[in-house]
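What follows is model_38.pdb (PDB, C-alpha atoms).
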```pdb
ATOM      1  CA  MET N 484     103.004 -59.887  22.461
ATOM      2  CA  THR N 485     106.734 -59.576  22.045
ATOM      3  CA  SER N 486     108.798 -58.360  24.969
ATOM      4  CA  PRO N 487     110.395 -54.908  24.668
ATOM      5  CA  VAL N 488     114.063 -54.579  23.921
ATOM      6  CA  PRO N 489     116.030 -54.519  27.193
ATOM      7  CA  PRO N 490     117.227 -51.020  28.111
ATOM      8  CA  GLU N 491     120.819 -52.272  28.294
ATOM      9  CA  ILE N 492     120.678 -53.222  24.609
ATOM     10  CA  ILE N 493     119.213 -49.840  23.669
ATOM     11  CA  ALA N 494     121.929 -48.081  25.673
ATOM     12  CA  VAL N 495     124.842 -49.951  24.116
ATOM     13  CA  VAL N 496     123.469 -49.561  20.591
ATOM     14  CA  ALA N 497     123.091 -45.816  21.164
ATOM     15  CA  GLY N 498     126.575 -45.648  22.665
ATOM     16  CA  SER N 499     128.042 -47.550  19.741
ATOM     17  CA  ILE N 500     127.424 -44.586  17.415
ATOM     18  CA  PRO N 501     129.877 -42.168  19.063
ATOM     19  CA  ALA N 502     132.097 -45.137  19.943
ATOM     20  CA  GLY N 503     132.172 -46.177  16.286
ATOM     21  CA  PHE N 504     133.204 -42.733  15.116
ATOM     22  CA  GLY N 505     135.807 -42.550  17.875
ATOM     23  CA  THR N 506     137.293 -45.967  17.206
ATOM     24  CA  ALA N 507     137.388 -45.330  13.457
ATOM     25  CA  PHE N 508     139.167 -41.998  13.961
ATOM     26  CA  ALA N 509     141.637 -43.478  16.456
ATOM     27  CA  THR N 510     142.419 -46.481  14.258
ATOM     28  CA  ARG N 511     143.022 -44.332  11.187
ATOM     29  CA  ARG N 512     145.375 -42.059  13.107
ATOM     30  CA  LEU N 513     147.281 -44.865  14.801
ATOM     31  CA  ALA N 514     147.529 -47.042  11.680
ATOM     32  CA  GLN N 515     148.069 -44.060   9.359
ATOM     33  CA  SER N 516     145.435 -45.497   7.072
ATOM     34  CA  LYS N 517     142.199 -44.433   5.401
ATOM     35  CA  GLN N 518     140.547 -47.541   6.839
ATOM     36  CA  PRO N 519     138.326 -48.575   8.552
ATOM     37  CA  SER N 520     135.076 -46.801   7.745
ATOM     38  CA  ALA N 521     133.059 -45.275  10.546
ATOM     39  CA  LEU N 522     130.019 -47.312   9.481
ATOM     40  CA  LEU N 523     131.932 -50.560   9.886
ATOM     41  CA  MET N 524     133.243 -49.571  13.291
ATOM     42  CA  ILE N 525     129.783 -48.512  14.477
ATOM     43  CA  ALA N 526     128.485 -51.948  13.501
ATOM     44  CA  VAL N 527     131.333 -53.740  15.276
ATOM     45  CA  CYS N 528     131.015 -51.534  18.368
ATOM     46  CA  ALA N 529     127.294 -52.326  18.470
ATOM     47  CA  ALA N 530     128.007 -56.053  18.191
ATOM     48  CA  ILE N 531     130.564 -55.834  21.007
ATOM     49  CA  GLY N 532     128.140 -53.876  23.180
ATOM     50  CA  ILE N 533     125.224 -56.236  22.589
ATOM     51  CA  TRP N 534     127.451 -59.243  23.274
ATOM     52  CA  ALA N 535     128.523 -57.685  26.571
ATOM     53  CA  ALA N 536     124.971 -56.703  27.509
ATOM     54  CA  LEU N 537     123.807 -60.293  27.075
ATOM     55  CA  VAL N 538     126.491 -61.547  29.471
ATOM     56  CA  VAL N 539     127.347 -58.846  32.016
ATOM     57  CA  PRO N 540     124.967 -58.667  34.998
ATOM     58  CA  THR N 541     125.369 -55.077  36.227
ATOM     59  CA  ALA N 542     125.341 -51.647  34.609
ATOM     60  CA  PRO N 543     128.726 -50.446  35.960
ATOM     61  CA  LEU N 544     130.406 -53.641  34.799
ATOM     62  CA  LEU N 545     128.695 -53.302  31.414
ATOM     63  CA  VAL N 546     130.176 -49.836  30.961
ATOM     64  CA  ILE N 547     133.624 -51.165  31.865
ATOM     65  CA  SER N 548     133.200 -54.139  29.522
ATOM     66  CA  CYS N 549     132.167 -51.949  26.592
ATOM     67  CA  ALA N 550     135.114 -49.632  27.191
ATOM     68  CA  LEU N 551     137.438 -52.645  27.234
ATOM     69  CA  GLY N 552     135.888 -54.151  24.119
ATOM     70  CA  TRP N 553     136.077 -50.915  22.163
ATOM     71  CA  ALA N 554     139.693 -50.315  23.225
ATOM     72  CA  LEU N 555     140.603 -53.849  22.129
ATOM     73  CA  LEU N 556     138.838 -53.185  18.842
ATOM     74  CA  VAL N 557     141.103 -50.205  18.155
ATOM     75  CA  LEU N 558     144.185 -52.208  19.101
ATOM     76  CA  GLY N 559     143.185 -55.200  16.982
ATOM     77  CA  ALA N 560     142.252 -53.080  13.969
ATOM     78  CA  THR N 561     145.485 -51.074  14.212
ATOM     79  CA  ASP N 562     147.530 -54.259  14.393
ATOM     80  CA  ALA N 563     145.683 -55.751  11.433
ATOM     81  CA  LEU N 564     146.288 -52.643   9.315
ATOM     82  CA  ALA N 565     149.774 -51.581  10.403
ATOM     83  CA  PHE N 566     151.255 -54.374  12.582
ATOM     84  CA  ARG N 567     151.408 -51.946  15.506
ATOM     85  CA  LEU N 568     150.116 -52.037  19.069
ATOM     86  CA  PRO N 569     150.738 -48.450  20.189
ATOM     87  CA  ASP N 570     151.899 -47.629  23.718
ATOM     88  CA  ILE N 571     149.268 -44.908  23.901
ATOM     89  CA  LEU N 572     146.689 -47.694  24.257
ATOM     90  CA  THR N 573     148.521 -50.693  25.695
ATOM     91  CA  LEU N 574     150.058 -48.903  28.683
ATOM     92  CA  PRO N 575     146.829 -47.188  29.830
ATOM     93  CA  LEU N 576     145.083 -50.523  29.344
ATOM     94  CA  ILE N 577     147.436 -52.090  31.899
ATOM     95  CA  ALA N 578     146.713 -49.282  34.371
ATOM     96  CA  ALA N 579     142.964 -49.540  33.742
ATOM     97  CA  GLY N 580     143.055 -53.295  34.327
ATOM     98  CA  LEU N 581     144.729 -52.805  37.690
ATOM     99  CA  GLY N 582     142.165 -50.161  38.595
ATOM    100  CA  VAL N 583     139.317 -52.509  37.722
ATOM    101  CA  ALA N 584     140.998 -55.292  39.710
ATOM    102  CA  TRP N 585     140.985 -53.047  42.784
ATOM    103  CA  TRP N 586     137.303 -52.176  42.194
ATOM    104  CA  LEU N 587     136.098 -55.780  41.752
ATOM    105  CA  PRO N 588     134.715 -57.553  44.869
ATOM    106  CA  ASP N 589     137.836 -59.629  45.563
ATOM    107  CA  HIS N 590     140.115 -56.520  45.469
ATOM    108  CA  ASP N 591     142.984 -58.734  44.273
ATOM    109  CA  LEU N 592     145.165 -55.879  43.055
ATOM    110  CA  ALA N 593     148.385 -57.670  43.983
ATOM    111  CA  GLY N 594     147.379 -60.821  42.105
ATOM    112  CA  HIS N 595     146.518 -58.872  38.964
ATOM    113  CA  ALA N 596     149.734 -56.845  39.198
ATOM    114  CA  ILE N 597     151.708 -60.086  39.391
ATOM    115  CA  ALA N 598     149.733 -61.403  36.421
ATOM    116  CA  ALA N 599     150.557 -58.268  34.415
ATOM    117  CA  PHE N 600     154.249 -58.776  35.124
ATOM    118  CA  LEU N 601     154.095 -62.499  34.322
ATOM    119  CA  GLY N 602     152.195 -61.961  31.084
ATOM    120  CA  ALA N 603     154.666 -59.373  29.854
ATOM    121  CA  ALA N 604     157.695 -61.357  31.059
ATOM    122  CA  VAL N 605     156.630 -64.604  29.382
ATOM    123  CA  PHE N 606     155.901 -62.902  26.067
ATOM    124  CA  TYR N 607     159.177 -60.993  26.251
ATOM    125  CA  ALA N 608     161.042 -64.263  26.822
ATOM    126  CA  ILE N 609     159.276 -65.819  23.831
ATOM    127  CA  SER N 610     160.151 -62.773  21.723
ATOM    128  CA  VAL N 611     163.842 -62.958  22.669
ATOM    129  CA  ALA N 612     163.995 -66.728  22.116
ATOM    130  CA  TYR N 613     162.359 -66.410  18.683
ATOM    131  CA  ARG N 614     164.751 -63.631  17.661
ATOM    132  CA  GLN N 615     167.766 -65.664  18.722
ATOM    133  CA  THR N 616     166.670 -68.866  17.004
ATOM    134  CA  ARG N 617     165.177 -67.403  13.811
ATOM    135  CA  GLY N 618     167.218 -64.224  13.446
ATOM    136  CA  GLN N 619     164.134 -62.052  13.079
ATOM    137  CA  ASP N 620     161.407 -60.592  15.207
ATOM    138  CA  GLY N 621     158.360 -62.717  15.954
ATOM    139  CA  LEU N 622     156.467 -61.054  18.769
ATOM    140  CA  GLY N 623     156.925 -57.315  19.068
ATOM    141  CA  LEU N 624     157.050 -55.275  22.250
ATOM    142  CA  GLY N 625     153.455 -54.261  21.609
ATOM    143  CA  ASP N 626     152.427 -57.898  22.020
ATOM    144  CA  VAL N 627     154.466 -58.029  25.233
ATOM    145  CA  LYS N 628     152.629 -55.027  26.674
ATOM    146  CA  LEU N 629     149.254 -56.344  25.523
ATOM    147  CA  ALA N 630     149.991 -59.619  27.319
ATOM    148  CA  GLY N 631     150.695 -57.534  30.401
ATOM    149  CA  ALA N 632     147.315 -55.853  29.948
ATOM    150  CA  ALA N 633     145.662 -59.272  29.708
ATOM    151  CA  GLY N 634     147.216 -60.231  33.023
ATOM    152  CA  ALA N 635     146.153 -56.955  34.618
ATOM    153  CA  TRP N 636     142.530 -57.417  33.561
ATOM    154  CA  LEU N 637     142.116 -61.162  33.929
ATOM    155  CA  GLY N 638     144.525 -62.381  36.608
ATOM    156  CA  TRP N 639     147.260 -64.981  36.482
ATOM    157  CA  GLN N 640     144.946 -67.989  36.789
ATOM    158  CA  VAL N 641     143.516 -67.610  33.289
ATOM    159  CA  LEU N 642     146.584 -66.332  31.448
ATOM    160  CA  PRO N 643     147.432 -69.800  30.019
ATOM    161  CA  TYR N 644     143.924 -70.007  28.550
ATOM    162  CA  VAL N 645     144.290 -66.553  26.989
ATOM    163  CA  VAL N 646     147.495 -67.681  25.284
ATOM    164  CA  LEU N 647     145.931 -70.994  24.228
ATOM    165  CA  LEU N 648     142.892 -69.311  22.677
ATOM    166  CA  ALA N 649     145.038 -66.638  21.011
ATOM    167  CA  CYS N 650     147.268 -69.309  19.471
ATOM    168  CA  ALA N 651     144.201 -71.171  18.208
ATOM    169  CA  VAL N 652     142.872 -67.993  16.598
ATOM    170  CA  GLY N 653     146.317 -67.343  15.103
ATOM    171  CA  LEU N 654     146.369 -70.820  13.570
ATOM    172  CA  VAL N 655     142.947 -70.238  12.060
ATOM    173  CA  TRP N 656     144.231 -66.937  10.622
ATOM    174  CA  VAL N 657     147.208 -68.719   9.047
ATOM    175  CA  GLY N 658     144.974 -71.515   7.733
ATOM    176  CA  ILE N 659     142.659 -69.037   6.018
ATOM    177  CA  ALA N 660     145.656 -67.187   4.585
ATOM    178  CA  MET N 661     147.054 -70.459   3.191
ATOM    179  CA  ILE N 662     143.736 -71.270   1.568
ATOM    180  CA  ARG N 663     143.768 -67.865  -0.114
ATOM    181  CA  ARG N 664     147.483 -67.498  -0.975
ATOM    182  CA  GLY N 665     149.016 -70.948  -0.625
ATOM    183  CA  LYS N 666     152.350 -71.627   1.067
ATOM    184  CA  ASP N 667     153.439 -68.019   0.551
ATOM    185  CA  ALA N 668     151.264 -67.200   3.565
ATOM    186  CA  LEU N 669     153.705 -69.070   5.801
ATOM    187  CA  ARG N 670     156.361 -66.436   5.122
ATOM    188  CA  GLU N 671     154.077 -63.571   6.061
ATOM    189  CA  HIS N 672     153.828 -61.897   9.444
ATOM    190  CA  ILE N 673     150.516 -62.259  11.207
ATOM    191  CA  PRO N 674     149.021 -59.598  13.491
ATOM    192  CA  PHE N 675     149.049 -61.703  16.651
ATOM    193  CA  GLY N 676     147.631 -58.768  18.569
ATOM    194  CA  VAL N 677     144.295 -59.395  16.843
ATOM    195  CA  ALA N 678     144.177 -62.924  18.233
ATOM    196  CA  LEU N 679     145.311 -61.772  21.662
ATOM    197  CA  CYS N 680     142.650 -59.042  21.785
ATOM    198  CA  PHE N 681     139.954 -61.537  20.820
ATOM    199  CA  ALA N 682     141.104 -64.071  23.413
ATOM    200  CA  MET N 683     141.249 -61.420  26.103
ATOM    201  CA  TRP N 684     137.727 -60.247  25.294
ATOM    202  CA  VAL N 685     136.181 -63.721  25.210
ATOM    203  CA  ILE N 686     137.727 -64.785  28.514
ATOM    204  CA  TRP N 687     136.846 -61.463  30.166
ATOM    205  CA  LEU N 688     133.187 -62.124  29.343
ATOM    206  CA  HIS N 689     132.929 -65.894  29.629
ATOM    207  CA  GLY N 690     135.874 -67.099  31.684
ATOM    208  CA  THR N 691     137.392 -70.464  30.848
ATOM    209  CA  PRO N 692     135.353 -73.421  29.584
ATOM    210  CA  ASP N 693     134.401 -75.956  32.243
ATOM    211  CA  PHE N 694     136.334 -78.753  30.559
ATOM    212  CA  LEU N 695     139.512 -76.660  30.764
ATOM    213  CA  SER N 696     139.102 -75.406  34.300
ATOM    214  CA  ALA N 697     137.960 -78.700  35.841
ATOM    215  CA  PRO N 698     140.517 -80.343  38.183
TER
END
```

Could the structure of this file be written out as C-alpha cells, please?
Amino acid sequence: MTSPVPPEIIAVVAGSIPAGFGTAFATRRLAQSKQPSALLMIAVCAAIGIWAALVVPTAPLLVISCALGWALLVLGATDALAFRLPDILTLPLIAAGLGVAWWLPDHDLAGHAIAAFLGAAVFYAISVAYRQTRGQDGLGLGDVKLAGAAGAWLGWQVLPYVVLLACAVGLVWVGIAMIRRGKDALREHIPFGVALCFAMWVIWLHGTPDFLSAP
C-alpha cells in the first residue's frame, strides 16, 4: 500500500494556484510584458513549494520559504523579461530578511544587517569598477539591492558562496547563449538577477556544500 501524500505537499500545491496567478500578474505588470502565462507560473510555484516542503522541517518556516521562493520567482522572471529588479520587491525583501533573521533561533539581527550592507556595498563597488573600466553599466542598482537582500536573509558567512553559485549559473547562461547564437552572445547583457535569485534560493534551502564549508 502506497503512503499518502504528505499534507505539506498538498498544502503547497494548493497554495501554488493563487500564488501562480499572483506571480504571473505581478511579473507582467513589472516587466510590462504579456508573459509569462499563469499556467506556467502555477507550475513553477508548485515546483518551488514542493522543493521547499521536502527540505524545510517546520510549517512556519515552510510558509516563509515559499513566500521567499515566489518573490524570487517574480524578481527573476522580471529581470529575464525586462532586465529590471524593481525596488518595490527588492527593498521589502531586505526588510523581510531582517525580520526573519530576528525570528530565527539565533536572533542574529545585527549579523544579518551587516551582511545586507556588505552584500550591497560589494556589488556597488563591482558596478562602479565595471563602469569605469568598460565605460558601460554591468551590474545595475537592482542587482546591488538584491545582493543586500541575500545578505539580509542568509548572513555574511555564506555571501561568498551565493556570489560563487550565481557566477556559475551566469556562466552556464552565457554558454547556452553562445551555443544558440555564437559569439554574438558575448555582446549581450545577461539578467544576472536570475542567477542571483537562484543562488539565494538554493543556499537558503540547502546551505553550503560540505566540501566548500569544511575548514

Between CA of Leu555 in chain N and CA of Tyr644 in chain N, what is the spacing in Å? 17.7 Å

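Here the question is which of N:Val685, N:Ala598, N:Leu654, N:Val495 gets nearest to Trp639 in chain N using all atoms listed in the file, and that residue is N:Ala598.
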
Give me the residues near Trp636 in chain N as a ChimeraX atom specification, where near means some atom within 9 Å (using all atoms listed in the file) and where sequence neighbours in that chain fewer than 6 positions away do not count. /N:576-577,579-584,595,598-599,683,687

For each of N:Ala608, N:Ile492, N:Leu629, N:Leu522, take the minimum atom-to-atom distance to Thr573 in chain N, counting only C-alpha atoms, then give the residue where this is smallest.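 Of N:Ala608, N:Ile492, N:Leu629, N:Leu522, the one nearest Thr573 in chain N is N:Leu629, counting only C-alpha atoms.
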
Selection under test: the PyMOL selection byres ((chain N and resi 519) around 12); residues as a PyMOL selection string: chain N and resi 503-518+520-527+556-557+559-561+563-565

Translate the PyMOL selection byres ((chain N and resi 623) around 10) into a concrete residue list for this structure, as a PDB file with C-alpha atoms, in the coordinates of the input.
```pdb
ATOM      1  CA  PHE N 566     151.255 -54.374  12.582  1.00  0.00           C
ATOM      2  CA  ARG N 567     151.408 -51.946  15.506  1.00  0.00           C
ATOM      3  CA  LEU N 568     150.116 -52.037  19.069  1.00  0.00           C
ATOM      4  CA  PHE N 606     155.901 -62.902  26.067  1.00  0.00           C
ATOM      5  CA  TYR N 607     159.177 -60.993  26.251  1.00  0.00           C
ATOM      6  CA  SER N 610     160.151 -62.773  21.723  1.00  0.00           C
ATOM      7  CA  VAL N 611     163.842 -62.958  22.669  1.00  0.00           C
ATOM      8  CA  ASP N 620     161.407 -60.592  15.207  1.00  0.00           C
ATOM      9  CA  GLY N 621     158.360 -62.717  15.954  1.00  0.00           C
ATOM     10  CA  LEU N 622     156.467 -61.054  18.769  1.00  0.00           C
ATOM     11  CA  LEU N 624     157.050 -55.275  22.250  1.00  0.00           C
ATOM     12  CA  GLY N 625     153.455 -54.261  21.609  1.00  0.00           C
ATOM     13  CA  ASP N 626     152.427 -57.898  22.020  1.00  0.00           C
ATOM     14  CA  VAL N 627     154.466 -58.029  25.233  1.00  0.00           C
ATOM     15  CA  LYS N 628     152.629 -55.027  26.674  1.00  0.00           C
ATOM     16  CA  PRO N 674     149.021 -59.598  13.491  1.00  0.00           C
ATOM     17  CA  PHE N 675     149.049 -61.703  16.651  1.00  0.00           C
ATOM     18  CA  GLY N 676     147.631 -58.768  18.569  1.00  0.00           C
TER      19      GLY N 676
END
```

One number please: CA of Ala603 in chain N to CA of Ala630 in chain N, in Å, one decimal.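 Spanning CA of Ala603 in chain N to CA of Ala630 in chain N is a straight-line distance of 5.3 Å.
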
Find, counting only C-alpha atoms, the residue in N:Leu537, N:Ala502, N:Met661, N:Ile571 that gets nearest to Val488 in chain N.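 Among N:Leu537, N:Ala502, N:Met661, N:Ile571, it is N:Leu537 that comes nearest to Val488 in chain N.
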
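CA of Ile533 in chain N lies 12.0 Å from CA of Leu688 in chain N.
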
Could you pull the residues within 10 Å of Ile493 in chain N, counting only C-alpha atoms, minus those fewer than 6 positions along the same chain, as a list in words? Ser499, Ala529, Gly532, Ile533 and Ala536 of chain N

Deliver the residues from the most recent selection as a file, using C-alpha atoms, as a PDB file, in the frame of the given file.
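Wrote again-v7.pdb, looks like this:
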```pdb
ATOM      1  CA  SER N 499     128.042 -47.550  19.741  1.00  0.00           C
ATOM      2  CA  ALA N 529     127.294 -52.326  18.470  1.00  0.00           C
ATOM      3  CA  GLY N 532     128.140 -53.876  23.180  1.00  0.00           C
ATOM      4  CA  ILE N 533     125.224 -56.236  22.589  1.00  0.00           C
ATOM      5  CA  ALA N 536     124.971 -56.703  27.509  1.00  0.00           C
TER       6      ALA N 536
END
```

Pick from N:Val646, N:Ser548, N:Val641, N:Val652 nearest to Gly690 in chain N, counting all atoms listed in the file: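 Selected residue with least distance to Gly690 in chain N: N:Val641.
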